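Raw data.cif, mmCIF, C-alpha atoms and all ligand atoms:
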```
data_data
#
loop_
_atom_site.label_atom_id
_atom_site.label_comp_id
_atom_site.auth_asym_id
_atom_site.auth_seq_id
_atom_site.Cartn_x
_atom_site.Cartn_y
_atom_site.Cartn_z
CA MET I 9 -17.09 30.75 6.63
CA ASP I 10 -18.81 27.49 5.70
CA LEU I 11 -16.89 24.24 5.45
CA VAL I 12 -16.55 24.23 1.68
CA ALA I 13 -15.27 27.80 1.62
CA ALA I 14 -12.83 27.07 4.43
CA ASP I 15 -11.54 23.97 2.62
CA ARG I 16 -11.01 26.00 -0.54
CA ALA I 17 -9.36 28.81 1.38
CA HIS I 18 -6.86 26.75 3.38
CA LEU I 19 -6.58 23.06 2.56
CA TRP I 20 -4.08 21.73 0.03
CA HIS I 21 -5.07 18.17 -0.89
CA PRO I 22 -2.61 15.36 -1.72
CA PHE I 23 -2.17 14.24 -5.35
CA THR I 24 -4.73 16.91 -6.30
CA GLN I 25 -4.73 19.69 -8.88
CA GLN I 26 -6.21 22.36 -6.63
CA ARG I 27 -7.55 24.38 -9.56
CA GLY I 28 -9.89 21.53 -10.49
CA TRP I 29 -10.67 20.77 -6.84
CA THR I 30 -11.97 24.24 -6.06
CA GLY I 31 -14.26 24.14 -9.11
CA GLU I 32 -16.25 21.14 -7.89
CA PRO I 33 -18.40 20.54 -4.84
CA PRO I 34 -16.37 18.37 -2.42
CA LEU I 35 -17.73 15.25 -0.76
CA ILE I 36 -17.41 15.96 2.95
CA VAL I 37 -17.31 12.70 4.90
CA GLU I 38 -19.07 13.16 8.22
CA ARG I 39 -19.01 9.62 9.58
CA ALA I 40 -18.93 5.99 8.50
CA GLU I 41 -20.70 2.75 9.21
CA GLY I 42 -19.30 -0.66 8.31
CA THR I 43 -18.09 -0.41 4.74
CA ASP I 44 -20.10 2.77 3.98
CA LEU I 45 -19.01 6.38 4.20
CA VAL I 46 -21.74 8.89 5.07
CA ASP I 47 -21.70 12.55 4.02
CA GLN I 48 -23.08 15.65 5.71
CA ASP I 49 -26.52 15.16 4.20
CA GLY I 50 -26.70 11.55 5.34
CA ARG I 51 -26.01 10.14 1.86
CA ARG I 52 -24.19 6.80 1.94
CA TYR I 53 -21.37 5.62 -0.30
CA ILE I 54 -19.72 2.20 -0.48
CA ASP I 55 -16.05 2.69 0.41
CA GLY I 56 -14.85 1.12 -2.86
CA VAL I 57 -11.12 1.72 -2.32
CA SER I 58 -10.96 1.11 1.45
CA SER I 59 -10.23 4.78 2.19
CA LEU I 60 -7.09 4.57 0.05
CA TRP I 61 -6.36 0.86 0.38
CA CYS I 62 -6.15 0.68 4.16
CA ASN I 63 -9.54 -0.23 5.65
CA VAL I 64 -9.89 -3.95 6.31
CA HIS I 65 -12.75 -4.88 8.68
CA GLY I 66 -14.98 -1.87 8.01
CA HIS I 67 -15.25 1.46 9.78
CA ARG I 68 -16.21 1.83 13.44
CA HIS I 69 -15.64 -1.83 14.11
CA PRO I 70 -16.73 -2.31 17.76
CA ARG I 71 -13.68 -4.41 18.61
CA ILE I 72 -11.14 -1.92 17.22
CA ASP I 73 -13.07 1.10 18.54
CA ALA I 74 -13.03 -0.42 22.03
CA ALA I 75 -9.31 -1.18 21.87
CA VAL I 76 -8.44 2.39 20.89
CA ARG I 77 -10.73 3.81 23.60
CA ALA I 78 -9.22 1.53 26.24
CA GLN I 79 -5.72 2.60 25.23
CA LEU I 80 -6.83 6.23 25.34
CA ASP I 81 -7.65 5.72 29.01
CA ARG I 82 -4.04 4.61 29.62
CA VAL I 83 -1.81 6.78 27.42
CA ALA I 84 -2.21 8.23 23.92
CA HIS I 85 1.47 8.60 23.16
CA SER I 86 4.79 7.76 24.73
CA THR I 87 8.11 7.39 22.90
CA LEU I 88 10.05 4.26 21.95
CA LEU I 89 13.31 6.24 22.13
CA GLY I 90 14.67 5.19 25.50
CA LEU I 91 11.33 3.80 26.75
CA THR I 92 8.98 1.05 25.74
CA HIS I 93 5.28 0.19 26.16
CA ARG I 94 2.92 -2.75 26.20
CA PRO I 95 1.06 -2.23 22.86
CA ALA I 96 4.32 -1.92 20.87
CA ILE I 97 5.78 -5.01 22.55
CA GLY I 98 2.62 -7.05 22.09
CA LEU I 99 2.23 -6.07 18.46
CA ALA I 100 5.88 -6.85 17.64
CA GLN I 101 5.33 -10.35 19.06
CA ARG I 102 2.15 -10.83 17.05
CA LEU I 103 3.70 -9.55 13.80
CA VAL I 104 6.63 -11.96 14.14
CA GLU I 105 4.14 -14.81 14.72
CA ILE I 106 2.23 -14.13 11.51
CA ALA I 107 5.13 -12.94 9.34
CA PRO I 108 6.87 -15.19 6.81
CA PRO I 109 9.49 -17.45 8.46
CA GLY I 110 12.78 -15.87 9.46
CA LEU I 111 11.53 -12.35 10.21
CA THR I 112 12.06 -11.82 13.93
CA ARG I 113 12.65 -8.10 14.45
CA VAL I 114 10.18 -5.22 14.13
CA PHE I 115 11.14 -1.58 13.58
CA TYR I 116 8.15 0.77 13.69
CA SER I 117 7.44 3.98 11.81
CA ASP I 118 4.28 5.70 10.66
CA SER I 119 3.73 5.41 6.91
CA GLY I 120 4.46 3.12 4.01
CA SER I 121 7.00 5.63 2.72
CA THR I 122 8.97 5.58 5.96
CA ALA I 123 8.77 1.77 6.12
CA THR I 124 10.52 1.56 2.73
CA GLU I 125 13.02 4.36 3.54
CA ILE I 126 13.97 2.41 6.64
CA ALA I 127 14.42 -0.83 4.69
CA LEU I 128 16.72 0.94 2.19
CA LYS I 129 18.81 2.55 4.93
CA MET I 130 19.04 -0.71 6.91
CA ALA I 131 20.16 -2.63 3.83
CA PHE I 132 22.82 -0.04 3.00
CA GLN I 133 24.11 0.18 6.57
CA PHE I 134 24.11 -3.60 6.96
CA TRP I 135 26.59 -4.03 4.08
CA LYS I 136 28.61 -1.00 5.14
CA GLN I 137 29.11 -2.51 8.58
CA ARG I 138 30.37 -5.68 6.93
CA GLY I 139 32.98 -3.60 5.15
CA GLU I 140 31.17 -3.43 1.82
CA GLU I 141 30.15 -0.20 0.14
CA ARG I 142 26.94 -1.15 -1.65
CA ALA I 143 25.01 1.96 -2.57
CA ARG I 144 22.84 0.63 -5.38
CA PHE I 145 19.33 -0.76 -5.36
CA VAL I 146 17.42 -2.66 -8.01
CA ALA I 147 13.76 -1.69 -8.33
CA LEU I 148 11.08 -2.57 -10.86
CA ARG I 149 9.93 -0.32 -13.66
CA SER I 150 6.55 1.24 -12.65
CA ALA I 151 7.32 0.61 -8.98
CA TYR I 152 5.77 2.71 -6.24
CA HIS I 153 7.23 2.72 -2.75
CA GLY I 154 6.03 6.07 -1.37
CA ASP I 155 6.62 9.78 -1.76
CA THR I 156 9.63 10.59 0.41
CA LEU I 157 12.86 11.04 -1.55
CA GLY I 158 14.42 7.63 -0.88
CA ALA I 159 11.16 5.92 -1.78
CA VAL I 160 10.86 8.11 -4.89
CA SER I 161 14.44 7.17 -5.90
CA VAL I 162 13.36 3.53 -6.20
CA GLY I 163 10.06 4.52 -7.81
CA GLY I 164 9.39 4.02 -11.49
CA ILE I 165 6.22 5.96 -12.25
CA GLY I 166 7.20 8.81 -14.56
CA LEU I 167 4.27 11.06 -13.72
CA PHE I 168 4.99 10.99 -9.98
CA HIS I 169 8.76 10.58 -9.97
CA SER I 170 10.63 11.99 -12.99
CA LEU I 171 10.36 15.66 -11.98
CA TYR I 172 12.38 15.00 -8.83
CA ARG I 173 15.21 13.17 -10.64
CA PRO I 174 17.87 15.82 -9.74
CA LEU I 175 17.17 15.20 -6.04
CA LEU I 176 17.35 11.40 -6.18
CA PHE I 177 19.89 8.58 -6.10
CA ASP I 178 20.03 6.35 -9.15
CA ALA I 179 18.31 2.98 -8.96
CA LEU I 180 18.75 0.16 -11.46
CA MET I 181 15.37 -0.48 -13.02
CA ALA I 182 14.41 -4.05 -13.87
CA GLU I 183 11.63 -5.01 -16.26
CA PRO I 184 8.79 -6.45 -14.13
CA GLY I 185 8.20 -10.14 -14.74
CA ASP I 186 11.46 -10.55 -16.72
CA VAL I 187 13.69 -12.96 -14.77
CA ARG I 188 16.47 -12.75 -17.36
CA HIS I 189 16.68 -8.96 -17.07
CA MET I 190 16.86 -9.14 -13.29
CA GLU I 191 19.64 -11.69 -13.58
CA GLU I 192 21.57 -9.52 -16.06
CA LEU I 193 21.38 -6.49 -13.77
CA LEU I 194 22.53 -8.44 -10.73
CA ALA I 195 25.37 -10.06 -12.66
CA ALA I 196 26.51 -6.76 -14.21
CA HIS I 197 26.55 -5.01 -10.82
CA ARG I 198 27.98 -7.76 -8.66
CA GLY I 199 29.10 -6.43 -5.28
CA GLU I 200 27.44 -3.03 -5.83
CA VAL I 201 23.80 -3.85 -5.11
CA ALA I 202 22.57 -3.70 -1.52
CA ALA I 203 19.07 -5.00 -2.22
CA VAL I 204 16.30 -5.64 -4.68
CA ILE I 205 13.10 -3.86 -3.66
CA MET I 206 9.73 -4.84 -5.09
CA GLU I 207 5.98 -5.02 -4.50
CA PRO I 208 5.23 -8.75 -4.49
CA LEU I 209 2.63 -10.08 -6.97
CA VAL I 210 0.86 -6.78 -7.67
CA GLN I 211 2.33 -3.38 -8.52
CA GLY I 212 -0.49 -1.33 -7.04
CA ALA I 213 0.02 2.33 -7.89
CA ALA I 214 1.27 1.37 -11.37
CA GLY I 215 -2.35 0.40 -12.08
CA MET I 216 -2.61 -3.04 -10.48
CA LEU I 217 -0.03 -4.72 -12.71
CA VAL I 218 0.06 -8.41 -11.84
CA ASN I 219 3.41 -10.24 -11.91
CA PRO I 220 3.53 -13.59 -13.73
CA ASP I 221 3.35 -16.61 -11.41
CA GLY I 222 6.75 -17.68 -10.17
CA TYR I 223 8.44 -14.32 -10.71
CA LEU I 224 8.71 -13.50 -7.02
CA ARG I 225 10.19 -16.91 -6.23
CA ALA I 226 12.66 -16.51 -9.11
CA VAL I 227 13.75 -13.09 -7.81
CA ARG I 228 14.25 -14.57 -4.33
CA GLU I 229 16.49 -17.27 -5.80
CA LEU I 230 18.46 -14.72 -7.84
CA CYS I 231 18.99 -12.57 -4.73
CA ASP I 232 20.35 -15.62 -2.88
CA ARG I 233 22.60 -16.58 -5.77
CA HIS I 234 23.99 -13.04 -6.09
CA ASP I 235 24.19 -12.43 -2.35
CA VAL I 236 21.80 -9.47 -2.45
CA LEU I 237 19.06 -8.67 0.09
CA LEU I 238 15.38 -8.78 -0.89
CA ILE I 239 13.07 -6.04 0.37
CA LEU I 240 9.37 -6.77 -0.11
CA ASP I 241 7.04 -3.80 0.05
CA GLU I 242 3.74 -5.30 1.21
CA VAL I 243 2.30 -1.91 2.14
CA ALA I 244 -0.57 -2.43 -0.33
CA THR I 245 -0.67 -6.23 -0.61
CA GLY I 246 -0.32 -7.02 3.09
CA PHE I 247 -3.09 -7.88 5.53
CA GLY I 248 -5.19 -10.04 3.27
CA ARG I 249 -5.59 -8.05 0.05
CA THR I 250 -4.40 -10.86 -2.21
CA GLY I 251 -6.31 -13.55 -0.32
CA ARG I 252 -3.48 -14.52 2.05
CA MET I 253 -2.21 -12.51 4.99
CA PHE I 254 0.88 -11.55 2.96
CA ALA I 255 1.28 -11.80 -0.81
CA CYS I 256 4.70 -13.47 -0.55
CA GLU I 257 3.00 -16.51 1.07
CA HIS I 258 1.55 -17.41 -2.35
CA GLU I 259 5.07 -18.26 -3.54
CA ARG I 260 6.45 -19.34 -0.16
CA VAL I 261 9.01 -16.54 -0.19
CA SER I 262 10.52 -14.87 2.85
CA PRO I 263 12.20 -11.51 2.28
CA ASP I 264 15.15 -10.14 4.24
CA LEU I 265 13.16 -6.99 4.93
CA LEU I 266 9.38 -6.67 4.87
CA CYS I 267 7.57 -3.30 4.75
CA LEU I 268 4.07 -3.07 6.22
CA ALA I 269 1.67 -0.15 6.70
CA LYS I 270 -1.76 0.64 5.17
CA GLY I 271 -3.92 -2.26 6.43
CA MET I 272 -1.95 -2.85 9.60
CA THR I 273 -4.29 -0.86 11.86
CA GLY I 274 -7.32 -1.89 9.82
CA GLY I 275 -7.28 1.62 8.36
CA TYR I 276 -7.67 3.36 11.71
CA LEU I 277 -4.40 5.13 12.47
CA PRO I 278 -1.06 5.73 10.77
CA LEU I 279 1.39 2.98 11.66
CA ALA I 280 4.06 1.11 9.74
CA ALA I 281 6.68 -1.53 10.41
CA THR I 282 9.84 -2.79 8.76
CA LEU I 283 10.50 -6.39 9.74
CA THR I 284 13.85 -8.06 9.36
CA THR I 285 15.90 -11.14 10.15
CA GLU I 286 18.16 -11.96 13.07
CA LEU I 287 21.14 -11.87 10.68
CA ILE I 288 20.52 -8.25 9.67
CA TYR I 289 19.64 -7.23 13.21
CA GLU I 290 22.88 -8.71 14.54
CA GLY I 291 24.83 -6.76 11.94
CA PHE I 292 23.91 -3.64 13.92
CA LEU I 293 25.12 -4.90 17.29
CA GLY I 294 28.32 -3.57 18.80
CA GLU I 295 29.77 -1.41 21.55
CA PHE I 296 28.18 2.00 21.80
CA GLU I 297 31.33 3.73 20.59
CA GLU I 298 31.46 1.60 17.44
CA PHE I 299 28.42 3.55 16.17
CA ARG I 300 26.70 0.59 14.56
CA THR I 301 23.43 1.98 15.91
CA PHE I 302 20.58 2.44 13.42
CA PHE I 303 20.30 6.22 13.69
CA HIS I 304 16.70 6.56 12.61
CA GLY I 305 13.41 7.15 14.38
CA HIS I 306 10.29 9.27 14.18
CA THR I 307 8.56 11.11 16.99
CA TYR I 308 5.41 9.01 16.77
CA THR I 309 7.20 5.72 16.04
CA GLY I 310 5.17 2.85 17.52
CA ASN I 311 2.40 5.11 18.79
CA PRO I 312 0.41 3.22 21.48
CA LEU I 313 -3.05 4.08 20.11
CA ALA I 314 -2.03 2.87 16.66
CA CYS I 315 -0.45 -0.30 18.06
CA ALA I 316 -3.64 -1.00 20.06
CA ALA I 317 -5.69 -0.62 16.86
CA ALA I 318 -3.31 -2.96 15.02
CA LEU I 319 -3.54 -5.62 17.74
CA ALA I 320 -7.34 -5.46 17.67
CA CYS I 321 -7.27 -5.61 13.87
CA LEU I 322 -5.29 -8.88 14.07
CA ASP I 323 -7.71 -10.21 16.70
CA VAL I 324 -10.60 -9.54 14.33
CA PHE I 325 -8.83 -11.52 11.56
CA GLY I 326 -9.02 -14.50 13.94
CA GLU I 327 -12.44 -13.93 15.46
CA GLU I 328 -14.22 -13.24 12.18
CA ARG I 329 -12.17 -15.74 10.14
CA THR I 330 -11.68 -12.86 7.73
CA LEU I 331 -9.36 -14.65 5.29
CA GLU I 332 -11.49 -17.79 5.18
CA ARG I 333 -14.63 -15.79 4.49
CA LEU I 334 -12.81 -13.74 1.87
CA GLN I 335 -12.20 -16.72 -0.45
CA PRO I 336 -15.78 -17.10 -1.77
CA LYS I 337 -16.01 -13.31 -2.16
CA ILE I 338 -12.86 -13.37 -4.31
CA GLU I 339 -14.62 -15.94 -6.54
CA VAL I 340 -17.77 -13.82 -6.71
CA LEU I 341 -15.73 -10.72 -7.57
CA GLY I 342 -14.08 -12.61 -10.45
CA GLY I 343 -17.49 -13.51 -11.86
CA LEU I 344 -18.86 -9.99 -11.44
CA LEU I 345 -15.95 -8.53 -13.38
CA GLU I 346 -16.43 -10.73 -16.46
CA PRO I 347 -19.11 -8.51 -18.05
CA VAL I 348 -17.03 -5.43 -17.14
CA ALA I 349 -14.08 -6.84 -19.07
CA SER I 350 -16.23 -7.13 -22.17
CA LEU I 351 -17.38 -3.50 -22.16
CA PRO I 352 -16.09 -1.94 -25.40
CA VAL I 353 -14.25 0.88 -23.56
CA VAL I 354 -12.45 -1.54 -21.27
CA ARG I 355 -9.06 -2.74 -22.47
CA GLU I 356 -8.23 -5.16 -19.67
CA VAL I 357 -9.31 -6.15 -16.16
CA ARG I 358 -6.43 -7.17 -13.87
CA ARG I 359 -7.01 -8.75 -10.51
CA ARG I 360 -5.35 -10.59 -7.70
CA GLY I 361 -7.58 -11.33 -4.72
CA PHE I 362 -9.32 -8.09 -3.72
CA MET I 363 -7.04 -5.83 -5.78
CA VAL I 364 -8.64 -4.85 -9.10
CA GLY I 365 -7.53 -2.57 -11.93
CA ILE I 366 -9.92 -1.91 -14.81
CA GLU I 367 -7.87 -0.39 -17.60
CA LEU I 368 -9.81 1.71 -20.09
CA GLU I 369 -8.99 2.31 -23.74
CA GLU I 370 -6.80 5.36 -24.11
CA HIS I 371 -8.55 8.74 -23.82
CA PRO I 372 -7.00 12.19 -24.16
CA THR I 373 -5.59 13.17 -20.74
CA GLU I 374 -7.54 16.43 -20.60
CA LEU I 375 -10.84 14.51 -20.63
CA ARG I 376 -9.90 13.17 -17.17
CA ILE I 377 -11.95 10.10 -17.84
CA GLY I 378 -11.01 8.44 -14.55
CA HIS I 379 -12.18 11.50 -12.68
CA ARG I 380 -15.48 11.59 -14.57
CA ILE I 381 -16.06 7.98 -13.59
CA THR I 382 -15.40 8.91 -9.96
CA LEU I 383 -18.09 11.59 -10.13
CA GLU I 384 -20.58 9.25 -11.82
CA ALA I 385 -19.93 6.61 -9.16
CA ARG I 386 -20.40 9.15 -6.40
CA ARG I 387 -23.85 10.05 -7.78
CA ARG I 388 -24.71 6.34 -7.69
CA GLY I 389 -23.47 5.77 -4.15
CA ALA I 390 -19.87 4.60 -4.28
CA VAL I 391 -16.51 6.21 -3.60
CA ILE I 392 -13.76 5.08 -5.96
CA ARG I 393 -10.47 6.71 -6.98
CA PRO I 394 -8.84 5.71 -10.26
CA LEU I 395 -5.15 5.80 -11.15
CA GLY I 396 -5.19 7.76 -14.41
CA ASP I 397 -7.26 5.68 -16.84
CA VAL I 398 -7.25 2.63 -14.58
CA VAL I 399 -10.34 2.31 -12.41
CA VAL I 400 -9.29 0.76 -9.11
CA LEU I 401 -11.52 -1.39 -6.91
CA MET I 402 -10.11 -2.42 -3.55
CA PRO I 403 -13.00 -2.76 -1.11
CA PRO I 404 -12.57 -3.58 2.58
CA LEU I 405 -12.18 -7.34 3.10
CA ALA I 406 -15.31 -7.23 5.28
CA ILE I 407 -17.60 -6.01 2.49
CA SER I 408 -20.80 -8.05 2.13
CA GLU I 409 -21.43 -9.99 -1.05
CA GLN I 410 -24.45 -7.77 -1.68
CA ASP I 411 -22.39 -4.58 -1.45
CA LEU I 412 -19.67 -6.13 -3.58
CA ARG I 413 -22.27 -6.72 -6.31
CA ARG I 414 -23.58 -3.21 -5.96
CA LEU I 415 -20.05 -1.76 -6.10
CA VAL I 416 -19.20 -3.55 -9.34
CA GLU I 417 -22.60 -2.61 -10.81
CA ILE I 418 -22.11 1.05 -9.96
CA THR I 419 -18.60 0.94 -11.40
CA ALA I 420 -19.78 -0.59 -14.68
CA GLU I 421 -22.65 1.91 -14.99
CA SER I 422 -20.31 4.77 -14.21
CA ILE I 423 -17.78 3.67 -16.83
CA VAL I 424 -20.53 3.52 -19.44
CA ALA I 425 -22.04 6.87 -18.37
CA ALA I 426 -18.72 8.70 -18.27
CA THR I 427 -17.48 7.38 -21.60
CA SER I 428 -20.71 7.94 -23.50
CA SER I 429 -21.60 11.42 -22.23
CA PRO I 430 -22.06 14.00 -25.01
CA ALA I 431 -19.33 16.14 -23.46
CA LEU I 432 -16.82 13.52 -24.59
CA ARG I 433 -17.67 13.68 -28.25
CA PRO I 434 -15.45 15.97 -30.24
CA ALA I 435 -17.10 19.34 -30.94
CA ALA I 436 -18.65 19.52 -34.44
C1 LIG I 501 0.75 3.38 -0.45
C2 LIG I 501 2.04 2.67 -0.69
C3 LIG I 501 3.24 3.14 -0.11
C4 LIG I 501 3.30 4.42 0.65
O1 LIG I 501 2.58 4.37 1.84
P1 LIG I 501 2.18 5.74 2.57
O2 LIG I 501 1.61 5.29 3.87
O3 LIG I 501 1.18 6.40 1.67
O4 LIG I 501 3.43 6.54 2.70
C5 LIG I 501 4.38 2.40 -0.30
N1 LIG I 501 4.37 1.27 -1.01
C6 LIG I 501 3.26 0.78 -1.59
C7 LIG I 501 3.31 -0.50 -2.35
C8 LIG I 501 2.05 1.48 -1.47
O5 LIG I 501 0.94 1.04 -2.07
#
```
I'd like the structure from this file rewritten - as structure tokens, please.
Ligand SMILES: *Cc1c(COP(=O)(O)O)cnc(C)c1O
Amino acid sequence: MDLVAADRAHLWHPFTQQRGWTGEPPLIVERAEGTDLVDQDGRRYIDGVSSLWCNVHGHRHPRIDAAVRAQLDRVAHSTLLGLTHRPAIGLAQRLVEIAPPGLTRVFYSDSGSTATEIALKMAFQFWKQRGEERARFVALRSAYHGDTLGAVSVGGIGLFHSLYRPLLFDALMAEPGDVRHMEELLAAHRGEVAAVIMEPLVQGAAGMLVNPDGYLRAVRELCDRHDVLLILDEVATGFGRTGRMFACEHERVSPDLLCLAKGMTGGYLPLAATLTTELIYEGFLGEFEEFRTFFHGHTYTGNPLACAAALACLDVFGEERTLERLQPKIEVLGGLLEPVASLPVVREVRRRGFMVGIELEEHPTELRIGHRITLEARRRGAVIRPLGDVVVLMPPLAISEQDLRRLVEITAESIVAATSSPALRPAA
């Protein structure tokens, strides 16, 4: 059986209607080089969404490759349940050094979803162990925190989340950007709310919705005033995407719990972390028989290969002055997007740093306009993946200015091609 046939026979792809998938030729990625993906026939594509928002310094970065290989010569996996190892220790130290002030403890897991699940469970258990039953969370409308059931419970994207409602706990949904509404919810549910959970500055999966300036800081102040914990999900925004290492730095906010994943290993291996404060950590201390233990952990928690990749990824941030060199590229990207915003089919371009959402005018769902744009872009040499009718651009931070130009050009051409193709006109 050839590869395509075997894929169609056995693979079930995430977030994919398999009926459509099997009707189209798949792009089979064979290898990668820098910020390009290369297919089986040697065709190259700019990795326009950082292999789903996680690649940072490019693919096959010599520094990160070497670190993973060196770790492979020591041990590929050993558990953190009852044992410990050098890469997990070293990375915890480094994360605390770069994290917003006050975050001193690192709990590992292996995806963004588990990082947020862990934050929710920690917040709940923290209050419980102080003698308070606080089982409610405040989340933002259109929030996305992952696909496991706890993360879905605090999610607010109807298409992904509403079907599962009977399986979920109820979250209080606040209107993003509306400080008054947040305040009303916290006041009305005094003593019931364990934490507010939010994506700081940009709601990614919602279609790159950008919070108004000052909102994050206002929510932090409200949480303090109402004695509620703040969980920041920086799974998408973390590791430089907004122009700073963490998005919350823009408003000088420190959360009580911080969720990290995607970019942490530079897009190499699955690894996540939930960081928290000494205060919350100490709430879990006690005699063994008091059962204040955090009873949570995954088999591959803190995997050594992944931790080695993450350490090297942080080294590269320093050695290549990644964030410094990103600033002029953020400016260039802003300029490149101006003509895109004035295309007649484009409703709005939203951006914060290297996170871009190009929202198109409404099209009937069955036209799958976002998908058509993906196919047009592929023909022109770029891989992008839209969210519904929002075309997302989130290139690796290491992308060259030349490739950045090319990526935006291809995107603009693809939007025009896909929205003007005869197939889109209503049948006579
Ligand atoms: C992608 C994402 C998640 C989920 O991460 P996974 O590793 O896919 O489980 C959670 N929160 C945000 C903000 C994300 O963008």
* To do: Determine the nearest neighbour of Gly271 (chain I) from the options I:Thr24, I:Ser119, I:Thr427, I:Thr43, counting only C-alpha atoms.
  =>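 Comparing I:Thr24, I:Ser119, I:Thr427, I:Thr43 against Gly271 (chain I), the winner is I:Ser119.
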* Given all atoms listed in the file as the counted atoms, nearest of I:Leu175, I:Ile288, I:Leu80, I:Cys62 to ligand LIG 501 (chain I) ->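 Smallest distance to ligand LIG 501 (chain I) is found for I:Cys62.
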* Asked: What do you get as a list in words if you pick all residues at most 7 Å from ligand LIG 501 (chain I), counting all atoms listed in the file?
  ->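 Result of the 7 Å neighbour search around ligand LIG 501 (chain I): Ser119, Gly120, Ser121, Thr122, Thr124, Tyr152, His153, Gly154, Asp155, Glu207, Gln211, Gly212, Ala213, Asp241, Glu242, Val243, Ala244, Ala269 and Lys270 of chain I.
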Atoms kept (C-alpha atoms) for selection, written as a PDB file, keeping the file's coordinate frame:
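File produced: out35.pdb:
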```
ATOM      1  CA  SER I 119       3.730   5.410   6.910  1.00  0.00           C
ATOM      2  CA  GLY I 120       4.460   3.120   4.010  1.00  0.00           C
ATOM      3  CA  SER I 121       7.000   5.630   2.720  1.00  0.00           C
ATOM      4  CA  THR I 122       8.970   5.580   5.960  1.00  0.00           C
ATOM      5  CA  THR I 124      10.520   1.560   2.730  1.00  0.00           C
ATOM      6  CA  TYR I 152       5.770   2.710  -6.240  1.00  0.00           C
ATOM      7  CA  HIS I 153       7.230   2.720  -2.750  1.00  0.00           C
ATOM      8  CA  GLY I 154       6.030   6.070  -1.370  1.00  0.00           C
ATOM      9  CA  ASP I 155       6.620   9.780  -1.760  1.00  0.00           C
ATOM     10  CA  GLU I 207       5.980  -5.020  -4.500  1.00  0.00           C
ATOM     11  CA  GLN I 211       2.330  -3.380  -8.520  1.00  0.00           C
ATOM     12  CA  GLY I 212      -0.490  -1.330  -7.040  1.00  0.00           C
ATOM     13  CA  ALA I 213       0.020   2.330  -7.890  1.00  0.00           C
ATOM     14  CA  ASP I 241       7.040  -3.800   0.050  1.00  0.00           C
ATOM     15  CA  GLU I 242       3.740  -5.300   1.210  1.00  0.00           C
ATOM     16  CA  VAL I 243       2.300  -1.910   2.140  1.00  0.00           C
ATOM     17  CA  ALA I 244      -0.570  -2.430  -0.330  1.00  0.00           C
ATOM     18  CA  ALA I 269       1.670  -0.150   6.700  1.00  0.00           C
ATOM     19  CA  LYS I 270      -1.760   0.640   5.170  1.00  0.00           C
TER      20      LYS I 270
END
```
* Asked: Just how far from CA of Ser262 (chain I) is CA of Pro109 (chain I), in Å to one decimal?
  ->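 Between these atoms lies a distance of 6.3 Å.
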* To do: Take CA of Gly110 (chain I) and CA of Glu257 (chain I) and report the distance between them in Å, one decimal.
  =>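 Taking CA of Gly110 (chain I) and CA of Glu257 (chain I), their separation equals 12.9 Å.
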Asp81 (chain I) surroundings by all atoms listed in the file, 12 Å radius, close-in-sequence under 6 positions cut, as a PDB file with C-alpha atoms, in the frame of the given file:
```pdb
ATOM      1  CA  ALA I  74     -13.030  -0.420  22.030  1.00  0.00           C
ATOM      2  CA  ALA I  75      -9.310  -1.180  21.870  1.00  0.00           C
ATOM      3  CA  PRO I 312       0.410   3.220  21.480  1.00  0.00           C
ATOM      4  CA  LEU I 313      -3.050   4.080  20.110  1.00  0.00           C
ATOM      5  CA  ALA I 316      -3.640  -1.000  20.060  1.00  0.00           C
TER       6      ALA I 316
END
```
* For the point (18.1, 2.5, 4.5) in the file's frame, write as number ranges by chain all residues with an atom no more than 12 Å away, counting only C-alpha atoms. => I: 121-136, 142-145, 157-159, 161-162, 202-203, 205, 239, 265, 282, 302-305
* Spatial neighbours of Gly361 (chain I), 6 Å, all atoms listed in the file, chain gap at least 5 places, as a ChimeraX atom specification -> /I:250-251,338
* Quick one, how far is CA of Gln25 (chain I) from CA of Glu370 (chain I)? ->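 If I compute the distance from CA of Gln25 (chain I) to CA of Glu370 (chain I), I get 21.0 Å.
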* Pick from I:Met253, I:Ala320, I:Met206, I:Ala420: nearest to Leu240 (chain I), with only C-alpha atoms counted? -> I:Met206
* Asked: So which one's closest to Gln137 (chain I), I:Arg300, I:Lys337, I:Arg359, I:His67? Using only C-alpha atoms, please.
  ->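 The answer is I:Arg300, which sits nearest to Gln137 (chain I).
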* Within 10 Å of file point (5.7, -4.5, 20.1), counting only C-alpha atoms, expressed as a ChimeraX atom specification -> /I:88,92-104,113-116,310,312,315-316,319
* To do: Give me the residues within 10 Å of Gly50 (chain I) as a list of chain:residue names, counting only C-alpha atoms and dropping any in the same chain fewer than 2 places off.
  =>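 Neighbouring residues, sequence-local ones excluded: I:Val37, I:Glu38, I:Arg39, I:Leu45, I:Val46, I:Asp47, I:Gln48, I:Arg52, I:Tyr53.
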* **Minimum-distance residue to Leu60 (chain I), chosen among I:Pro22, I:Arg376, I:Ala385, I:Arg228 (using all atoms listed in the file)** => I:Pro22
* Among the residues I:Gly378, I:Gly396, I:Gly166, I:Gly215, the one that comes closest to Ala426 (chain I) [using only C-alpha atoms] -> I:Gly378
* Name the residues in contact with Val204 (chain I) at a cut-off of 8 Å, using all atoms listed in the file, excluding same-chain residues fewer than 6 positions from it; report them as a ChimeraX atom specification. => /I:145-147,231,236-239
* To do: Excluding Gly222 (chain I) and any residue of its chain fewer than 6 positions from it, enumerate the residues within 12 Å of it, using all atoms listed in the file, and give them as a list in words.
  =>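 The residues that qualify are Gly185, Asp186, Val187, Pro208, Leu209, Arg228, Glu229, Cys256, Glu257, His258, Glu259, Arg260 and Val261 of chain I.
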